[in-house]
file my_file.cif (mmCIF, C-alpha atoms)
data_coords
#
loop_
_atom_site.label_atom_id
_atom_site.label_comp_id
_atom_site.auth_asym_id
_atom_site.auth_seq_id
_atom_site.Cartn_x
_atom_site.Cartn_y
_atom_site.Cartn_z
CA MET A 11 108.99 90.11 96.54
CA LYS A 12 111.42 92.93 96.04
CA VAL A 13 112.23 94.81 92.85
CA ILE A 14 115.29 93.09 91.35
CA GLU A 15 118.12 94.97 89.65
CA VAL A 16 118.84 93.34 86.31
CA ASN A 17 121.65 93.76 83.81
CA SER A 18 122.71 92.17 80.55
CA SER A 19 124.23 89.16 82.31
CA ASN A 20 121.16 88.14 84.35
CA PHE A 21 118.41 89.50 82.07
CA GLU A 22 117.84 86.18 80.32
CA GLN A 23 117.61 84.23 83.57
CA GLU A 24 115.56 86.75 85.58
CA VAL A 25 113.32 88.12 82.83
CA LEU A 26 113.19 86.05 79.64
CA LYS A 27 113.11 82.68 81.42
CA SER A 28 110.94 83.81 84.31
CA GLY A 29 108.02 81.55 85.20
CA VAL A 30 105.82 84.57 85.99
CA PRO A 31 105.25 87.77 83.98
CA VAL A 32 107.89 90.45 84.56
CA ILE A 33 107.43 94.21 84.54
CA VAL A 34 110.76 95.64 83.39
CA ASP A 35 111.24 99.23 84.55
CA PHE A 36 113.70 101.13 82.31
CA ASN A 37 114.90 104.12 84.33
CA ALA A 38 117.76 106.48 85.16
CA ASP A 39 118.93 108.29 88.29
CA TRP A 40 118.58 111.74 86.70
CA CYS A 41 114.95 111.21 85.68
CA GLY A 42 112.57 112.66 88.29
CA PRO A 43 109.45 110.71 87.27
CA CYS A 44 111.55 107.49 87.31
CA ARG A 45 112.57 108.17 90.89
CA MET A 46 108.95 108.93 91.82
CA LEU A 47 107.91 105.61 90.28
CA LYS A 48 110.29 103.65 92.57
CA PRO A 49 108.08 103.69 95.69
CA VAL A 50 105.08 102.67 93.54
CA LEU A 51 107.04 99.69 92.19
CA ASP A 52 108.45 98.76 95.60
CA GLU A 53 104.97 98.67 97.10
CA ALA A 54 103.49 96.69 94.19
CA ALA A 55 106.37 94.19 94.31
CA ALA A 56 106.00 93.70 98.06
CA GLU A 57 102.25 93.11 97.83
CA ASN A 58 102.12 90.78 94.82
CA ASP A 59 103.74 87.48 93.95
CA GLY A 60 101.91 86.75 90.70
CA PHE A 61 104.49 88.81 88.79
CA LYS A 62 107.93 90.23 89.38
CA ILE A 63 109.38 93.66 88.81
CA ALA A 64 112.86 94.16 87.38
CA SER A 65 114.75 97.44 87.19
CA VAL A 66 117.10 98.32 84.31
CA ASN A 67 119.29 101.41 84.58
CA VAL A 68 119.54 102.72 81.01
CA ASP A 69 122.87 104.46 81.63
CA ARG A 70 124.56 101.27 82.80
CA GLU A 71 122.65 98.91 80.49
CA GLN A 72 122.66 100.73 77.18
CA ASP A 73 122.51 97.50 75.17
CA LEU A 74 119.26 96.44 76.85
CA ALA A 75 117.79 99.93 76.41
CA PHE A 76 118.75 99.83 72.72
CA GLU A 77 117.41 96.31 72.24
CA TYR A 78 114.02 97.39 73.57
CA GLY A 79 114.07 100.65 71.61
CA ILE A 80 113.77 102.81 74.70
CA SER A 81 113.65 106.55 74.00
CA SER A 82 111.39 107.71 76.82
CA ILE A 83 111.63 106.87 80.50
CA PRO A 84 110.25 105.71 82.80
CA CYS A 85 109.19 102.92 80.46
CA LEU A 86 107.56 99.77 81.78
CA VAL A 87 107.69 96.73 79.50
CA VAL A 88 105.65 93.67 80.47
CA ILE A 89 107.37 90.47 79.38
CA LYS A 90 105.77 87.03 79.52
CA ASP A 91 107.42 83.83 78.26
CA GLY A 92 110.25 85.95 76.88
CA GLN A 93 107.96 88.12 74.75
CA GLU A 94 106.97 91.77 75.18
CA ILE A 95 103.23 91.94 75.54
CA ARG A 96 102.57 95.47 76.82
CA ARG A 97 104.37 98.76 77.32
CA SER A 98 103.64 101.96 79.24
CA VAL A 99 105.57 105.22 79.12
CA GLY A 100 105.61 107.79 81.92
CA LEU A 101 104.84 107.89 85.63
CA ILE A 102 101.82 105.82 86.64
CA GLY A 103 100.20 104.94 89.96
CA LYS A 104 99.75 101.55 91.57
CA GLU A 105 96.23 101.09 90.23
CA GLN A 106 97.42 101.64 86.65
CA LEU A 107 100.43 99.41 87.25
CA LEU A 108 98.23 96.53 88.38
CA ALA A 109 95.98 97.12 85.36
CA LEU A 110 99.04 96.95 83.09
CA VAL A 111 99.94 93.49 84.33
CA GLY A 112 96.34 92.38 84.92
CA GLY A 113 95.05 89.38 82.99
CA VAL A 114 98.39 88.41 81.48
CA MET B 26 86.48 111.18 109.20
CA TYR B 27 89.05 113.78 108.21
CA ASP B 28 88.82 117.54 108.56
CA ILE B 29 90.35 118.05 105.12
CA ILE B 30 90.67 115.63 102.21
CA VAL B 31 93.07 116.91 99.58
CA ILE B 32 92.80 115.33 96.13
CA GLY B 33 96.20 115.48 94.43
CA ALA B 34 99.64 115.51 96.08
CA GLY B 35 101.41 118.03 93.89
CA THR B 36 102.78 121.33 95.09
CA ALA B 37 99.33 122.87 95.67
CA GLY B 38 97.92 119.80 97.43
CA MET B 39 100.91 119.21 99.70
CA THR B 40 101.09 122.92 100.61
CA ALA B 41 97.38 122.78 101.50
CA ALA B 42 98.15 119.78 103.72
CA VAL B 43 100.98 121.68 105.43
CA TYR B 44 98.66 124.60 106.19
CA GLY B 45 95.88 122.27 107.30
CA ARG B 46 98.12 120.35 109.70
CA ARG B 47 99.62 123.53 111.09
CA ALA B 48 96.04 124.62 111.90
CA ASN B 49 95.73 121.29 113.75
CA LYS B 50 93.27 119.77 111.28
CA SER B 51 93.42 116.11 110.28
CA VAL B 52 94.41 115.78 106.62
CA LEU B 53 94.21 112.94 104.09
CA LEU B 54 95.96 113.31 100.74
CA LEU B 55 94.68 111.13 97.90
CA GLU B 56 97.07 110.77 94.98
CA ALA B 57 96.53 108.72 91.81
CA LYS B 58 100.20 108.38 90.83
CA SER B 59 103.05 109.37 93.11
CA TYR B 60 103.56 112.53 95.12
CA GLY B 61 105.13 115.62 93.58
CA GLY B 62 102.98 116.30 90.55
CA GLN B 63 104.20 118.05 87.46
CA ILE B 64 107.32 119.61 89.00
CA VAL B 65 108.97 116.18 89.23
CA SER B 66 109.76 116.45 85.50
CA ALA B 67 111.61 119.75 85.93
CA HIS B 68 115.36 119.40 85.50
CA ARG B 69 116.00 122.39 87.75
CA ILE B 70 114.00 125.18 89.34
CA ASP B 71 115.42 128.69 89.34
CA ASN B 72 112.39 130.83 90.10
CA TYR B 73 111.15 129.54 93.44
CA PRO B 74 112.11 131.83 96.31
CA ALA B 75 115.16 130.76 98.34
CA GLU B 76 115.83 127.50 96.47
CA PRO B 77 117.66 128.40 93.23
CA GLY B 78 118.87 125.40 91.24
CA ILE B 79 116.98 122.69 93.13
CA SER B 80 115.79 119.77 90.98
CA GLY B 81 112.08 119.12 90.63
CA PHE B 82 112.56 115.72 92.27
CA ASP B 83 114.36 117.15 95.30
CA PHE B 84 111.76 119.89 95.67
CA ALA B 85 108.94 117.34 95.64
CA GLN B 86 110.83 115.07 98.05
CA LYS B 87 111.42 117.90 100.55
CA LEU B 88 107.82 119.02 100.41
CA TYR B 89 106.66 115.39 100.86
CA GLU B 90 108.89 114.93 103.91
CA GLN B 91 107.67 118.22 105.39
CA THR B 92 104.05 117.20 104.83
CA LYS B 93 104.58 113.71 106.31
CA ALA B 94 106.45 115.07 109.33
CA LEU B 95 103.50 117.34 110.10
CA GLY B 96 101.26 114.28 110.25
CA ALA B 97 99.30 114.34 107.00
CA GLU B 98 98.21 110.91 105.81
CA PHE B 99 98.84 109.80 102.19
CA LYS B 100 96.86 107.20 100.25
CA PHE B 101 97.75 106.37 96.67
CA GLU B 102 94.30 105.99 95.13
CA ARG B 103 92.62 107.87 92.31
CA ALA B 104 89.64 109.94 93.45
CA LEU B 105 86.75 109.17 91.10
CA ASP B 106 83.90 111.21 92.58
CA ILE B 107 82.83 113.44 95.44
CA LYS B 108 79.40 113.03 97.07
CA ASP B 109 78.36 116.33 98.59
CA GLY B 110 76.59 116.78 101.91
CA GLU B 111 77.25 118.17 105.36
CA VAL B 112 80.00 115.54 105.32
CA LYS B 113 81.66 115.00 101.93
CA THR B 114 82.46 111.50 100.68
CA VAL B 115 85.36 111.01 98.29
CA VAL B 116 85.05 107.80 96.28
CA THR B 117 88.14 105.98 95.00
CA ALA B 118 88.52 102.64 93.22
CA SER B 119 89.26 100.94 96.52
CA GLY B 120 87.15 102.78 99.06
CA GLU B 121 85.32 105.82 100.35
CA TYR B 122 86.65 108.53 102.63
CA GLN B 123 84.65 111.06 104.66
CA GLY B 124 85.79 114.63 105.05
CA ARG B 125 84.32 117.83 106.44
CA THR B 126 85.99 119.69 103.57
CA VAL B 127 87.61 118.73 100.27
CA ILE B 128 90.34 120.57 98.37
CA ILE B 129 90.60 119.60 94.70
CA ALA B 130 94.24 120.00 93.67
CA THR B 131 94.34 117.61 90.73
CA GLY B 132 96.51 119.79 88.51
CA SER B 133 96.75 119.05 84.84
CA GLU B 134 97.98 116.50 82.34
CA ASN B 135 100.31 116.93 79.38
CA GLY B 136 98.51 118.36 76.38
CA ARG B 137 98.69 116.21 73.24
CA LEU B 138 98.98 117.33 69.66
CA GLY B 139 95.94 115.20 68.85
CA LEU B 140 97.53 113.45 65.86
CA THR B 141 96.45 109.95 64.87
CA ASN B 142 99.68 108.00 65.50
CA GLU B 143 100.86 110.17 68.41
CA LYS B 144 100.06 107.59 71.08
CA GLU B 145 101.82 104.67 69.38
CA LEU B 146 104.91 106.82 68.78
CA THR B 147 105.10 107.93 72.40
CA GLY B 148 108.33 106.36 73.63
CA ARG B 149 109.35 105.80 70.02
CA GLY B 150 110.57 109.30 69.30
CA VAL B 151 107.67 111.33 70.71
CA SER B 152 108.20 112.59 74.27
CA TYR B 153 106.46 114.86 76.76
CA CYS B 154 109.42 115.18 79.13
CA ALA B 155 112.63 116.82 77.90
CA SER B 156 114.46 116.31 81.19
CA CYS B 157 113.64 112.57 81.17
CA ASP B 158 114.30 111.76 77.56
CA GLY B 159 116.74 114.36 76.24
CA ALA B 160 119.70 112.07 76.88
CA PHE B 161 118.40 109.54 74.33
CA PHE B 162 118.92 112.15 71.61
CA ARG B 163 122.58 113.04 72.16
CA GLY B 164 124.01 114.37 68.91
CA ARG B 165 120.68 113.91 67.09
CA THR B 166 118.15 116.31 65.57
CA VAL B 167 115.03 117.02 67.60
CA ALA B 168 112.06 119.36 67.46
CA VAL B 169 110.17 120.99 70.31
CA ALA B 170 106.58 121.90 69.53
CA GLY B 171 104.65 124.25 71.73
CA GLY B 172 103.27 127.62 72.46
CA GLY B 173 105.16 129.29 75.20
CA SER B 174 107.80 129.49 77.87
CA SER B 175 107.87 125.79 78.69
CA ALA B 176 108.63 124.95 75.04
CA VAL B 177 111.40 127.56 74.99
CA ARG B 178 112.90 126.14 78.19
CA ASP B 179 112.74 122.61 76.84
CA ALA B 180 114.55 123.73 73.67
CA ILE B 181 117.31 125.37 75.71
CA TYR B 182 117.74 122.25 77.84
CA LEU B 183 117.88 120.04 74.74
CA ALA B 184 120.31 122.34 72.90
CA ASP B 185 123.09 121.20 75.26
CA ILE B 186 122.48 117.56 74.30
CA ALA B 187 121.17 117.37 70.75
CA ALA B 188 123.08 118.50 67.65
CA ARG B 189 120.15 120.59 66.42
CA VAL B 190 116.89 121.72 67.98
CA HIS B 191 114.02 123.03 65.87
CA LEU B 192 111.76 125.11 68.11
CA ILE B 193 108.32 125.26 66.59
CA LEU B 194 106.10 127.91 68.14
CA ARG B 195 102.47 128.59 67.39
CA GLN B 196 102.83 132.30 67.99
CA ASP B 197 104.60 134.64 65.58
CA THR B 198 107.19 135.80 68.13
CA PRO B 199 108.32 134.45 71.46
CA ASP B 200 107.84 136.86 74.37
CA ALA B 201 110.72 139.15 75.32
CA GLU B 202 112.08 137.06 78.20
CA ASP B 203 112.03 133.89 76.12
CA GLU B 204 113.68 135.64 73.20
CA SER B 205 116.58 136.77 75.38
CA LEU B 206 117.03 133.20 76.66
CA LEU B 207 117.31 131.97 73.08
CA SER B 208 119.88 134.50 71.94
CA GLY B 209 123.31 133.04 71.24
CA ARG B 210 122.00 129.47 71.04
CA ASP B 211 123.36 128.68 67.58
CA ASN B 212 121.97 125.19 67.36
CA ILE B 213 118.36 126.22 68.01
CA SER B 214 116.45 127.15 64.89
CA LEU B 215 113.24 129.01 65.56
CA ILE B 216 110.18 128.31 63.42
CA THR B 217 107.29 130.57 64.40
CA GLY B 218 103.62 130.75 63.47
CA SER B 219 103.53 127.01 62.72
CA ARG B 220 102.17 123.82 64.13
CA VAL B 221 102.91 120.12 63.73
CA THR B 222 100.21 118.51 61.62
CA LYS B 223 101.57 115.03 60.87
CA LEU B 224 104.06 112.54 62.31
CA THR B 225 106.04 110.44 59.85
CA ALA B 226 107.35 107.13 61.14
CA ASP B 227 109.00 103.88 60.21
CA LYS B 228 108.62 101.95 63.47
CA ARG B 229 109.91 105.10 65.15
CA LEU B 230 109.50 108.77 64.41
CA THR B 231 111.46 109.93 61.35
CA GLY B 232 109.97 113.34 60.63
CA ILE B 233 107.19 115.84 61.12
CA GLU B 234 104.95 117.88 58.86
CA LEU B 235 104.55 121.56 59.66
CA THR B 236 101.71 123.79 58.61
CA ALA B 237 102.25 127.54 58.76
CA ARG B 238 99.52 130.06 59.41
CA ASP B 239 99.32 130.88 55.67
CA GLY B 240 98.54 127.23 54.98
CA SER B 241 101.93 126.31 53.51
CA VAL B 242 103.12 122.82 54.38
CA SER B 243 106.69 121.61 54.86
CA GLU B 244 108.47 118.44 55.99
CA LEU B 245 111.19 118.33 58.62
CA PRO B 246 113.24 115.18 59.29
CA VAL B 247 113.78 114.70 63.04
CA ASP B 248 114.81 111.87 65.37
CA GLY B 249 112.72 113.12 68.27
CA LEU B 250 109.78 115.40 68.96
CA PHE B 251 109.21 116.95 72.36
CA VAL B 252 105.62 118.05 72.80
CA SER B 253 105.06 121.04 75.06
CA VAL B 254 101.68 122.32 73.98
CA GLY B 255 100.29 123.23 77.36
CA ARG B 256 98.29 121.35 79.88
CA VAL B 257 94.82 119.90 80.23
CA PRO B 258 93.17 120.46 83.65
CA GLU B 259 91.88 117.37 85.46
CA ASN B 260 88.52 118.62 86.70
CA GLN B 261 86.03 116.57 84.72
CA SER B 262 85.25 114.09 87.52
CA PHE B 263 84.05 116.95 89.72
CA ALA B 264 82.24 119.05 87.09
CA GLY B 265 78.91 118.84 88.90
CA LEU B 266 80.24 120.50 92.05
CA ILE B 267 82.48 123.23 90.65
CA ASP B 268 82.00 125.69 87.81
CA LEU B 269 84.41 125.21 84.91
CA ASP B 270 85.45 127.75 82.30
CA SER B 271 85.43 126.99 78.56
CA ALA B 272 88.93 125.43 78.77
CA GLY B 273 87.93 123.15 81.65
CA TYR B 274 89.65 125.08 84.46
CA ALA B 275 87.83 125.60 87.76
CA ALA B 276 86.30 129.09 87.52
CA SER B 277 87.37 130.18 91.01
CA GLY B 278 89.20 133.24 92.21
CA GLU B 279 92.26 133.54 94.40
CA ASP B 280 90.09 132.70 97.42
CA CYS B 281 89.87 129.16 95.93
CA LEU B 282 86.14 128.94 96.76
CA THR B 283 83.72 126.98 94.57
CA LYS B 284 79.93 127.08 94.24
CA THR B 285 79.76 124.16 96.70
CA PRO B 286 80.36 125.17 100.33
CA GLY B 287 83.17 123.13 101.84
CA ILE B 288 84.75 122.25 98.48
CA PHE B 289 87.77 124.26 97.37
CA VAL B 290 90.17 124.18 94.41
CA ALA B 291 93.91 124.83 94.38
CA GLY B 292 96.71 124.82 91.84
CA ASP B 293 97.01 124.38 88.10
CA ASN B 294 93.45 123.14 87.65
CA ARG B 295 92.15 126.58 88.72
CA ALA B 296 91.65 129.38 86.17
CA LYS B 297 94.56 131.81 86.59
CA THR B 298 96.93 133.92 84.54
CA LEU B 299 100.20 132.54 85.89
CA ARG B 300 100.84 128.82 86.47
CA GLN B 301 104.05 128.53 88.42
CA LEU B 302 105.31 126.58 91.40
CA VAL B 303 104.93 129.65 93.58
CA THR B 304 101.31 130.24 92.54
CA ALA B 305 100.50 126.56 93.13
CA ALA B 306 101.92 126.83 96.65
CA SER B 307 100.00 130.07 97.15
CA ASP B 308 96.74 128.38 96.15
CA GLY B 309 97.39 125.54 98.58
CA ALA B 310 97.77 128.02 101.42
CA ALA B 311 94.65 129.98 100.40
CA ALA B 312 92.49 126.88 99.98
CA ALA B 313 93.52 125.34 103.31
CA THR B 314 92.95 128.65 105.09
CA ALA B 315 89.49 128.92 103.49
CA ALA B 316 88.73 125.33 104.56
CA VAL B 317 89.74 126.07 108.16
CA LYS B 318 87.60 129.23 108.16
CA TYR B 319 84.63 127.25 106.80
CA MET B 320 84.95 124.67 109.59
CA THR B 321 85.33 127.35 112.27
CA ALA B 322 82.13 129.07 111.08
CA ARG B 323 80.17 125.80 111.37
CA LYS B 324 81.16 124.99 114.91
#
call {"tool": "encode", "arguments": {"input": "my_file.cif", "output": "structure tokens"}}
result
Amino acid sequence: MKVIEVNSSNFEQEVLKSGVPVIVDFNADWCGPCRMLKPVLDEAAAENDGFKIASVNVDREQDLAFEYGISSIPCLVVIKDGQEIRRSVGLIGKEQLLALVGGV
Amino acid sequence: MYDIIVIGAGTAGMTAAVYGRRANKSVLLLEAKSYGGQIVSAHRIDNYPAEPGISGFDFAQKLYEQTKALGAEFKFERALDIKDGEVKTVVTASGEYQGRTVIIATGSENGRLGLTNEKELTGRGVSYCASCDGAFFRGRTVAVAGGGSSAVRDAIYLADIAARVHLILRQDTPDAEDESLLSGRDNISLITGSRVTKLTADKRLTGIELTARDGSVSELPVDGLFVSVGRVPENQSFAGLIDLDSAGYAASGEDCLTKTPGIFVAGDNRAKTLRQLVTAASDGAAAATAAVKYMTARK
């Protein structure tokens, strides 16, 4: 699978109603660690189909960023059955990413 | 088997790989997160020769492309251990890699204040990256806590975004260069000789408690706290093979040699007086050159 861009109009369908857990990546173009996280997410998304990865640009989607109380990026929020179950702030590697979504 | 295994793909590690490849040695870079290291968080770099104003991301990207183009191999796995021998084995979570030499360029992690609720408030008002998170505090009141130039630079960056920046320094006076950078910044208030001793929160951070050197305690309401209290070197996994100083840095000189022949250190995890991009690059060059010399002597 590929990382999907989500916004306020498809967030419910792609994330909240997803049949598999979703890692939501809150990010911005001007944030260096966010940009460094992209290849990690792309690789993890391509190699795994037990979860999906959604990207939210906090500049364009301020309502979603506010709703999830984002004040540090990159911020990864794991959502399952519409509920937040885990959260991780800052740049992480693929091993940590898989651990974040492991066992959910 | 590789000629050189470099652990850590920051500025020191990637520069070591460039020097290794240019000496026609095979090079594997092992990186736990993503390439670039600490500099990725820098909004802009103005003190690296010939590249004034470049962003940390662009710097890392250019160095990565240079390193890749020279033929160094990257694997994104955390190195957990090194087994010494005539051939060294680097153990990661997913495998083992053999190298004739190893360069440890693991750098350092953000230092924490060490306060009880600091971790749960990270991302809820507490941040370690001003360039990433400053924009969330537009028009708000923030504090920067730290002990040196990086805290001063974070405060200056944030002063253009936030309404008010409280700069809380451990030392009694900032050094001369930092002081001149702060002059004329009317919305930065400088609080010296103090440290943050408590975080007050109601779901998110609402304020901080400061304790001055004389023991007096005060409260400061803030919307955000940027922690810039220095770095913690990432050497512990390799402590048996390299000597560490009391702060955990590799006790090696500018030659980047360690007590174990064939194992070298480079970058911010080495004991040194100046930790800058240029000294990280310098270490990478020195360590790779020492590794090449070591291999030549064993032929």
call {"tool": "resolve_selection", "arguments": {"input": "my_file.cif", "expression": "the PyMOL selection byres ((chain A) within 10 of (chain B))", "output": "PyMOL selection string"}}
result
chain A and resi 37-50+68-69+75-76+79-85+97-107
call {"tool": "closest_residue", "arguments": {"input": "my_file.cif", "among": "A:Val13, A:Asp73, A:Val32, A:Val88", "to": "A:Gly60", "atoms": "all atoms listed in the file"}}
result
A:Val32
call {"tool": "atom_distance", "arguments": {"input": "my_file.cif", "atom1": "atom CA of B:Val317", "atom2": "atom CA of B:Val31"}}
result
13.0 Å
call {"tool": "resolve_selection", "arguments": {"input": "my_file.cif", "expression": "the PyMOL selection byres ((chain B and resi 209-214) around 7)", "output": "ChimeraX atom specification"}}
result
/B:184,188-192,207-208,215-216
call {"tool": "residues_around", "arguments": {"input": "my_file.cif", "residues": "A:Val114", "least_positions_apart": "4", "cutoff": "12 Å", "atoms": "all atoms listed in the file", "output": "mmCIF file with C-alpha atoms, in the coordinates of the input"}}
result
data_model
loop_
_atom_site.group_PDB
_atom_site.id
_atom_site.type_symbol
_atom_site.label_atom_id
_atom_site.label_comp_id
_atom_site.auth_asym_id
_atom_site.auth_seq_id
_atom_site.Cartn_x
_atom_site.Cartn_y
_atom_site.Cartn_z
ATOM 1 C CA VAL A 30 105.820 84.570 85.990
ATOM 2 C CA PRO A 31 105.250 87.770 83.980
ATOM 3 C CA VAL A 32 107.890 90.450 84.560
ATOM 4 C CA ILE A 33 107.430 94.210 84.540
ATOM 5 C CA GLY A 60 101.910 86.750 90.700
ATOM 6 C CA PHE A 61 104.490 88.810 88.790
ATOM 7 C CA VAL A 88 105.650 93.670 80.470
ATOM 8 C CA ILE A 89 107.370 90.470 79.380
ATOM 9 C CA LYS A 90 105.770 87.030 79.520
ATOM 10 C CA ASP A 91 107.420 83.830 78.260
ATOM 11 C CA GLN A 93 107.960 88.120 74.750
ATOM 12 C CA GLU A 94 106.970 91.770 75.180
ATOM 13 C CA ILE A 95 103.230 91.940 75.540
ATOM 14 C CA ARG A 96 102.570 95.470 76.820
ATOM 15 C CA LEU A 108 98.230 96.530 88.380
ATOM 16 C CA ALA A 109 95.980 97.120 85.360
ATOM 17 C CA LEU A 110 99.040 96.950 83.090
#
call {"tool": "build_atoms", "arguments": {"input": "my_file.cif", "residues": "stretch 40-59 of chain A", "atoms": "N, CA and C atoms", "output": "mmCIF file, keeping the file's coordinate frame"}}
result
data_model
loop_
_atom_site.group_PDB
_atom_site.id
_atom_site.type_symbol
_atom_site.label_atom_id
_atom_site.label_comp_id
_atom_site.auth_asym_id
_atom_site.auth_seq_id
_atom_site.Cartn_x
_atom_site.Cartn_y
_atom_site.Cartn_z
ATOM 1 N N TRP A 40 118.815 110.306 86.905
ATOM 2 C CA TRP A 40 118.580 111.740 86.700
ATOM 3 C C TRP A 40 117.154 112.037 86.264
ATOM 4 N N CYS A 41 116.322 111.031 86.175
ATOM 5 C CA CYS A 41 114.950 111.210 85.680
ATOM 6 C C CYS A 41 113.993 111.276 86.873
ATOM 7 N N GLY A 42 113.444 112.457 87.125
ATOM 8 C CA GLY A 42 112.570 112.660 88.290
ATOM 9 C C GLY A 42 111.377 111.716 88.334
ATOM 10 N N PRO A 43 110.600 111.624 87.234
ATOM 11 C CA PRO A 43 109.450 110.710 87.270
ATOM 12 C C PRO A 43 109.865 109.251 87.519
ATOM 13 N N CYS A 44 111.075 108.861 87.037
ATOM 14 C CA CYS A 44 111.550 107.490 87.310
ATOM 15 C C CYS A 44 111.748 107.294 88.810
ATOM 16 N N ARG A 45 112.323 108.291 89.452
ATOM 17 C CA ARG A 45 112.570 108.170 90.890
ATOM 18 C C ARG A 45 111.257 108.169 91.668
ATOM 19 N N MET A 46 110.263 108.920 91.174
ATOM 20 C CA MET A 46 108.950 108.930 91.820
ATOM 21 C C MET A 46 108.228 107.596 91.630
ATOM 22 N N LEU A 47 108.553 106.895 90.541
ATOM 23 C CA LEU A 47 107.910 105.610 90.280
ATOM 24 C C LEU A 47 108.436 104.520 91.220
ATOM 25 N N LYS A 48 109.657 104.689 91.721
ATOM 26 C CA LYS A 48 110.290 103.650 92.570
ATOM 27 C C LYS A 48 109.412 103.206 93.738
ATOM 28 N N PRO A 49 108.901 104.155 94.563
ATOM 29 C CA PRO A 49 108.080 103.690 95.690
ATOM 30 C C PRO A 49 106.815 102.962 95.244
ATOM 31 N N VAL A 50 106.263 103.351 94.083
ATOM 32 C CA VAL A 50 105.080 102.670 93.540
ATOM 33 C C VAL A 50 105.445 101.221 93.214
ATOM 34 N N LEU A 51 106.599 101.044 92.575
ATOM 35 C CA LEU A 51 107.040 99.690 92.190
ATOM 36 C C LEU A 51 107.393 98.861 93.413
ATOM 37 N N ASP A 52 108.071 99.482 94.378
ATOM 38 C CA ASP A 52 108.450 98.760 95.600
ATOM 39 C C ASP A 52 107.216 98.209 96.303
ATOM 40 N N GLU A 53 106.190 99.075 96.410
ATOM 41 C CA GLU A 53 104.970 98.670 97.100
ATOM 42 C C GLU A 53 104.261 97.548 96.332
ATOM 43 N N ALA A 54 104.168 97.714 95.006
ATOM 44 C CA ALA A 54 103.490 96.690 94.190
ATOM 45 C C ALA A 54 104.244 95.365 94.263
ATOM 46 N N ALA A 55 105.563 95.423 94.262
ATOM 47 C CA ALA A 55 106.370 94.190 94.310
ATOM 48 C C ALA A 55 106.183 93.496 95.658
ATOM 49 N N ALA A 56 106.139 94.278 96.721
ATOM 50 C CA ALA A 56 106.000 93.700 98.060
ATOM 51 C C ALA A 56 104.635 93.040 98.259
ATOM 52 N N GLU A 57 103.621 93.587 97.590
ATOM 53 C CA GLU A 57 102.250 93.110 97.830
ATOM 54 C C GLU A 57 101.787 91.996 96.886
ATOM 55 N N ASN A 58 102.582 91.748 95.828
ATOM 56 C CA ASN A 58 102.120 90.780 94.820
ATOM 57 C C ASN A 58 103.181 89.734 94.542
ATOM 58 N N ASP A 59 102.747 88.463 94.380
ATOM 59 C CA ASP A 59 103.740 87.480 93.950
ATOM 60 C C ASP A 59 103.341 86.799 92.642
#
